[in-house]
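Novice: One file is attached below, model_0.cif, containing mmCIF, C-alpha atoms.
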data_coords
#
loop_
_atom_site.label_atom_id
_atom_site.label_comp_id
_atom_site.auth_asym_id
_atom_site.auth_seq_id
_atom_site.Cartn_x
_atom_site.Cartn_y
_atom_site.Cartn_z
CA MET A 1481 59.92 88.43 128.26
CA PRO A 1482 61.91 85.58 129.86
CA GLU A 1483 60.19 82.24 130.26
CA ILE A 1484 58.76 81.52 133.67
CA THR A 1485 60.95 79.04 135.52
CA TYR A 1486 59.82 75.59 136.54
CA HIS A 1487 60.30 76.59 140.19
CA GLU A 1488 57.78 79.40 139.73
CA VAL A 1489 55.33 77.00 138.10
CA ALA A 1490 55.81 74.53 140.96
CA ASP A 1491 55.32 77.27 143.58
CA GLU A 1492 52.05 78.38 141.99
CA LEU A 1493 50.80 74.81 141.74
CA ALA A 1494 51.79 74.20 145.38
CA GLU A 1495 49.50 77.08 146.38
CA GLU A 1496 46.67 75.55 144.33
CA ILE A 1497 47.20 72.18 146.02
CA GLU A 1498 46.33 73.73 149.40
CA SER A 1499 42.72 74.11 148.22
CA LEU A 1500 42.48 70.65 146.61
CA GLU A 1501 41.60 67.26 148.07
CA PRO A 1502 43.93 64.24 148.14
CA GLY A 1503 43.55 62.35 144.89
CA ASP A 1504 42.52 65.38 142.83
CA ARG A 1505 44.26 65.50 139.49
CA LEU A 1506 46.73 68.19 138.55
CA PRO A 1507 47.12 69.57 135.02
CA SER A 1508 49.08 67.40 132.62
CA GLU A 1509 52.40 68.46 131.13
CA ASN A 1510 50.61 69.56 127.94
CA GLU A 1511 48.12 71.60 129.94
CA LEU A 1512 50.93 73.30 131.84
CA VAL A 1513 52.67 74.15 128.56
CA ARG A 1514 49.51 75.90 127.35
CA ARG A 1515 48.73 77.60 130.67
CA TYR A 1516 52.18 79.03 131.39
CA GLY A 1517 53.72 79.18 127.95
CA VAL A 1518 56.67 77.08 129.07
CA SER A 1519 58.48 74.27 127.32
CA ARG A 1520 57.51 70.63 127.81
CA ILE A 1521 60.82 70.15 129.67
CA SER A 1522 59.94 72.94 132.14
CA ALA A 1523 56.43 71.56 132.64
CA ARG A 1524 57.82 68.11 133.43
CA ALA A 1525 60.43 69.62 135.77
CA ALA A 1526 57.69 71.49 137.68
CA LEU A 1527 55.76 68.28 138.33
CA GLN A 1528 58.96 66.51 139.32
CA GLU A 1529 59.68 69.33 141.77
CA LEU A 1530 56.25 68.87 143.39
CA GLU A 1531 56.99 65.17 143.63
CA ARG A 1532 60.29 65.91 145.40
CA ARG A 1533 58.33 68.06 147.85
CA MET A 1534 56.07 65.04 148.44
CA LEU A 1535 53.01 67.07 147.48
CA VAL A 1536 51.90 64.89 144.58
CA ARG A 1537 51.85 61.28 143.52
CA ARG A 1538 52.70 60.54 139.90
CA THR A 1539 51.56 57.26 138.43
CA ARG A 1540 52.19 56.11 134.90
CA GLY A 1541 48.90 55.95 133.04
CA SER A 1542 46.87 57.92 135.60
CA GLY A 1543 48.67 61.26 135.73
CA THR A 1544 49.64 63.45 138.68
CA ARG A 1545 47.40 63.65 141.73
CA VAL A 1546 47.48 65.44 145.07
CA ALA A 1547 49.29 63.29 147.62
CA LEU A 1548 47.52 62.01 150.72
CA ARG A 1549 50.11 63.01 153.36
CA LEU A 1550 48.22 61.30 156.18
CA PRO A 1551 49.52 62.18 159.66
CA TYR A 1552 51.60 59.31 161.10
CA PRO A 1553 52.22 60.18 164.76
CA LEU A 1554 54.95 58.35 166.65
CA ARG A 1555 54.62 58.26 170.41
CA ALA A 1556 55.37 55.68 173.07
CA GLY A 1557 52.67 54.00 175.12
CA THR A 1558 50.02 53.87 172.37
CA THR A 1559 48.36 50.87 170.78
CA PRO A 1560 50.20 50.33 167.47
CA SER A 1561 47.75 49.80 164.62
CA TRP A 1562 48.52 50.95 161.09
CA GLY A 1563 44.95 50.24 160.00
CA GLN A 1564 43.45 52.24 162.84
CA LEU A 1565 45.67 55.20 161.93
CA VAL A 1566 44.42 55.11 158.33
CA ARG A 1567 40.77 54.72 159.33
CA GLU A 1568 40.98 57.64 161.77
CA ALA A 1569 42.19 59.78 158.85
CA GLY A 1570 39.02 58.87 156.93
CA HIS A 1571 40.49 56.32 154.53
CA THR A 1572 40.27 52.57 153.97
CA PRO A 1573 43.19 50.26 154.82
CA THR A 1574 43.68 46.86 153.18
CA TYR A 1575 46.49 44.32 153.41
CA ALA A 1576 48.31 41.61 151.50
CA VAL A 1577 50.45 39.12 153.42
CA ASP A 1578 53.23 38.07 151.06
CA SER A 1579 54.97 35.48 153.24
CA ILE A 1580 55.12 33.92 156.69
CA ARG A 1581 58.21 31.89 157.44
CA SER A 1582 60.37 30.66 160.31
CA GLU A 1583 64.01 31.68 160.69
CA ARG A 1584 66.63 32.05 163.38
CA ALA A 1585 67.07 35.36 165.15
CA ASN A 1586 70.22 37.27 164.31
CA ALA A 1587 72.00 39.34 166.94
CA ALA A 1588 70.06 42.57 166.31
CA ILE A 1589 66.62 40.96 166.38
CA GLY A 1590 67.60 38.86 169.38
CA ARG A 1591 68.57 42.00 171.32
CA ALA A 1592 65.32 43.74 170.37
CA LEU A 1593 63.10 40.81 171.36
CA MET A 1594 65.30 39.89 174.35
CA ILE A 1595 65.84 36.34 173.14
CA PRO A 1596 69.09 34.44 172.45
CA ARG A 1597 70.64 34.70 169.02
CA GLY A 1598 69.61 31.65 166.99
CA ARG A 1599 66.21 31.24 168.70
CA MET A 1600 63.39 30.51 166.25
CA ILE A 1601 61.34 33.51 165.20
CA THR A 1602 58.50 34.00 162.75
CA ARG A 1603 58.84 36.63 160.04
CA VAL A 1604 55.74 38.10 158.42
CA GLN A 1605 56.11 40.23 155.30
CA ARG A 1606 53.20 42.20 153.93
CA ARG A 1607 52.12 45.18 151.88
CA MET A 1608 49.54 47.73 152.96
CA PHE A 1609 47.18 49.79 150.86
CA VAL A 1610 45.23 53.01 151.37
CA ASP A 1611 42.04 53.26 149.31
CA GLY A 1612 43.32 50.44 147.13
CA GLU A 1613 46.72 51.98 146.35
CA VAL A 1614 49.99 50.63 147.75
CA ALA A 1615 51.22 52.81 150.59
CA ALA A 1616 53.65 50.75 152.69
CA CYS A 1617 55.41 47.43 153.09
CA GLN A 1618 56.44 45.95 156.40
CA SER A 1619 58.43 43.12 157.96
CA HIS A 1620 57.50 41.79 161.40
CA TRP A 1621 59.58 39.47 163.60
CA LEU A 1622 57.80 37.57 166.39
CA PRO A 1623 59.04 34.92 168.85
CA SER A 1624 57.80 31.65 167.34
CA ASP A 1625 56.81 30.25 170.73
CA GLU A 1626 54.35 33.14 171.14
CA VAL A 1627 52.63 32.69 167.75
CA PRO A 1628 52.43 28.93 167.08
CA ASN A 1629 50.89 28.06 163.70
CA ILE A 1630 50.23 31.72 162.94
CA SER A 1631 49.93 30.98 159.22
CA ASP A 1632 46.80 28.94 160.01
CA HIS A 1633 45.15 31.93 161.64
CA GLN A 1634 46.37 34.92 159.64
CA ASP A 1635 44.02 36.00 156.86
CA PRO A 1636 46.23 36.84 153.82
CA SER A 1637 44.24 40.05 153.35
CA GLY A 1638 43.56 40.74 157.03
CA SER A 1639 45.07 42.81 159.82
CA LEU A 1640 48.06 41.31 161.63
CA SER A 1641 47.27 43.40 164.72
CA LEU A 1642 43.82 41.82 164.94
CA THR A 1643 45.35 38.34 164.70
CA LEU A 1644 47.86 39.09 167.45
CA THR A 1645 45.28 40.64 169.77
CA GLY A 1646 42.23 38.56 168.88
CA HIS A 1647 43.69 35.08 168.47
CA PHE A 1648 46.92 35.16 170.48
CA GLY A 1649 45.72 37.51 173.21
CA PHE A 1650 48.49 40.10 172.87
CA GLU A 1651 47.99 43.42 174.65
CA LEU A 1652 50.23 45.56 172.48
CA ASP A 1653 51.73 48.92 173.24
CA ARG A 1654 54.56 50.69 171.48
CA ALA A 1655 57.77 50.49 173.52
CA TRP A 1656 59.78 52.67 171.12
CA SER A 1657 59.97 53.80 167.51
CA ARG A 1658 62.63 55.29 165.25
CA ALA A 1659 61.89 57.02 161.97
CA LYS A 1660 64.10 58.43 159.24
CA LEU A 1661 63.94 59.25 155.57
CA ALA A 1662 65.86 56.56 153.70
CA VAL A 1663 66.50 55.50 150.13
CA PRO A 1664 64.70 52.20 149.53
CA THR A 1665 66.31 49.15 147.98
CA VAL A 1666 65.38 48.28 144.42
CA GLU A 1667 63.12 45.50 145.73
CA ILE A 1668 61.26 47.74 148.17
CA ALA A 1669 60.87 50.48 145.55
CA ALA A 1670 59.28 47.89 143.26
CA ASP A 1671 56.94 46.67 146.03
CA LEU A 1672 55.86 50.27 146.64
CA GLU A 1673 55.42 50.92 142.89
CA LEU A 1674 57.79 53.87 143.04
CA THR A 1675 59.31 55.59 140.04
CA GLY A 1676 63.01 55.46 140.73
CA ARG A 1677 64.11 55.33 144.37
CA PRO A 1678 62.91 58.52 146.10
CA PRO A 1679 63.28 58.81 149.89
CA ILE A 1680 60.63 57.04 151.96
CA TRP A 1681 59.90 56.83 155.67
CA ARG A 1682 61.66 53.92 157.35
CA VAL A 1683 59.93 53.34 160.68
CA GLU A 1684 61.47 50.82 163.09
CA SER A 1685 59.49 49.87 166.17
CA LEU A 1686 59.29 47.47 169.08
CA ASN A 1687 55.97 46.46 170.58
CA HIS A 1688 55.57 45.13 174.09
CA CYS A 1689 52.88 42.91 175.60
CA GLU A 1690 52.03 43.88 179.16
CA ARG A 1691 50.29 40.57 179.75
CA ARG A 1692 53.40 38.60 178.85
CA ARG A 1693 55.77 41.22 180.27
CA ARG A 1694 58.09 40.99 177.30
CA PRO A 1695 58.66 42.46 173.83
CA VAL A 1696 56.72 40.41 171.30
CA GLU A 1697 57.02 42.21 167.96
CA TYR A 1698 59.88 43.95 166.21
CA ALA A 1699 58.96 45.59 162.92
CA ILE A 1700 60.38 47.70 160.13
CA ALA A 1701 57.97 49.56 157.86
CA TRP A 1702 58.76 51.40 154.65
CA ASN A 1703 56.09 54.05 154.06
CA ARG A 1704 55.64 56.11 150.90
CA ALA A 1705 56.46 59.72 151.77
CA ASP A 1706 53.71 60.96 149.42
CA VAL A 1707 51.17 59.05 151.51
CA PHE A 1708 52.36 59.61 155.10
CA ASP A 1709 53.67 62.60 157.01
CA VAL A 1710 55.57 61.21 160.00
CA LEU A 1711 55.16 63.26 163.18
CA LEU A 1712 57.25 62.83 166.32
CA GLU A 1713 55.18 63.57 169.41
CA LEU A 1714 56.82 64.06 172.82
CA GLY A 1715 54.81 64.63 175.96
CA PRO A 1716 51.04 65.10 176.19
CA SER A 1717 49.23 66.05 173.00
CA ASP A 1718 47.75 69.56 172.84
CA GLY A 1719 44.86 68.44 170.68
CA PRO A 1720 43.89 66.40 167.65
CA THR A 1721 46.21 66.21 164.68
CA GLU A 1722 45.13 68.47 161.85
CA MET A 1723 43.95 66.48 158.84
CA ARG A 1724 43.08 67.46 155.32
#
Once you've parsed the file, please lay out its structure as structure tokens.

Specialist:
Amino acid sequence: MPEITYHEVADELAEEIESLEPGDRLPSENELVRRYGVSRISARAALQELERRMLVRRTRGSGTRVALRLPYPLRAGTTPSWGQLVREAGHTPTYAVDSIRSERANAAIGRALMIPRGRMITRVQRRMFVDGEVAACQSHWLPSDEVPNISDHQDPSGSLSLTLTGHFGFELDRAWSRAKLAVPTVEIAADLELTGRPPIWRVESLNHCERRRRPVEYAIAWNRADVFDVLLELGPSDGPTEMR
């Protein structure tokens, strides 16, 4: 009898995943060898196939677990809050601000924020975690005149949105967003603790402040594709997003 293929093993495991919870462990390579009578190479290839499908998260030392795949809806006119999105999905967001520094706006950022090229802007770089595991990293560019001395007010482990709304009085709404699957740089892959450089969601967005009547935040986020499932929503929603 011919050996079952790794695709067949992956398909069967994918069906099992539908009845599991995010974070549940999958069988190890050795367990798959015993269960299906396949080679170690085929067992490893099956788990790699599930990883390519973004159904599992593989971490050295802790095995293979069911991926989160939290819904990440993109729609204009909503209050942009990464932490709120995670909390609404029933999980816990935490943050780590890696740097806050001043620089001069290049042409692209100047156009986005509607300021002259060379105007001083503040760049905030941070990583975000879901239930204690790294899920995203993000760069934010803000007009420096709108966020004076922000480093004195931003908690290194706190929400940037809360700082912008609570301390600086921003009334944020999402003007536009663009999302695509992209191959991360080596540096971003390291920040996201990825094995290799698998595709991740690159989400670019511009946030507007109605009170100031101007764009006040341009951001690029790199989100692990085994944590988030980006959804493009056009027009009125027909109901709540289905969550696992």

Novice: Once the PyMOL selection byres ((chain A and resi 1494) around 10) has been evaluated on this model, what residues remain selected, and can you format them as a list of chain:residue names?

Specialist: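 Selected by the PyMOL selection byres ((chain A and resi 1494) around 10) in this file: A:Glu1488, A:Val1489, A:Ala1490, A:Asp1491, A:Glu1492, A:Leu1493, A:Glu1495, A:Glu1496, A:Ile1497, A:Glu1498, A:Ser1499, A:Glu1529, A:Leu1530, A:Arg1533, A:Leu1535, A:Val1536, A:Val1546.
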
Novice: Using the chain letters and numbers from the file, which residues does the PyMOL selection byres ((chain A and resi 1625) around 10) grab, as number ranges by chain?

Specialist: A: 1599-1602, 1622-1624, 1626-1629

Novice: Kindly provide, as AutoDock Vina command-line options, the centre and edge lengths (Å, one decimal) of an axis-aligned box around all atoms of range 1647-1654 of chain A given in the file, with 8 Å on each side.

Specialist:
--center_x 49.1 --center_y 42.9 --center_z 171.6 --size_x 26.9 --size_y 31.6 --size_z 22.2

Novice: Name the residues that the PyMOL selection byres ((chain A and resi 1642) around 12) picks from the file above, as a ChimeraX atom specification, using the file's chain letters and numbers.

Specialist: /A:1559-1564,1633-1635,1637-1641,1643-1652

Novice: Determine, counting only C-alpha atoms, which protein, DNA and RNA residues have an atom within 7 Å of an atom of Val1577 in chain A; residues of the same chain fewer than 4 positions away are not included. Present the result as an MDAnalysis selection string.

Specialist: chainID A and resid 1605:1607 1636:1637

Novice: Neighbours of range 1580-1596 of chain A within 7 Å (all atoms listed in the file; same-chain residues fewer than 6 positions away dropped), as a list in words?

Specialist: Thr1602, Arg1603, Val1604, Gln1605, Ser1631, Pro1695, Val1696 and Tyr1698 of chain A

Novice: In file coordinates, which residues lie within 7 Å of (53.4, 47.1, 161.3) using all atoms listed in the file, given as an MDAnalysis selection string?

Specialist: chainID A and resid 1562 1618 1620 1699 1701

Novice: Of the candidates A:Asp1578, A:Asp1709, A:Glu1483, A:Glu1613, which shows the shortest atom-to-atom distance to Tyr1516 in chain A, using only C-alpha atoms?

Specialist: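 Under the stated criterion, the closest residue is A:Glu1483.
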
Novice: As a PyMOL selection string, please: the residues near range 1654-1664 of chain A (cut-off 9 Å, all atoms listed in the file, same-chain neighbours under 5 positions excluded).

Specialist: chain A and resi 1554-1560+1669+1677-1689+1695+1702+1705+1710+1712

Novice: Fewer than 2 positions away in the same chain doesn't count, so skip those; otherwise give me all residues within 8 Å of Asp1706 in chain A, counting all atoms listed in the file, as a ChimeraX atom specification.

Specialist: /A:1531,1534-1537,1547-1549,1704,1708-1709

Novice: Please, what distance in Å, to one decimal, runs between CA of Leu1512 in chain A and CA of Ser1542 in chain A?

Specialist: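 About the pair CA of Leu1512 in chain A and CA of Ser1542 in chain A: they are 16.3 Å apart.
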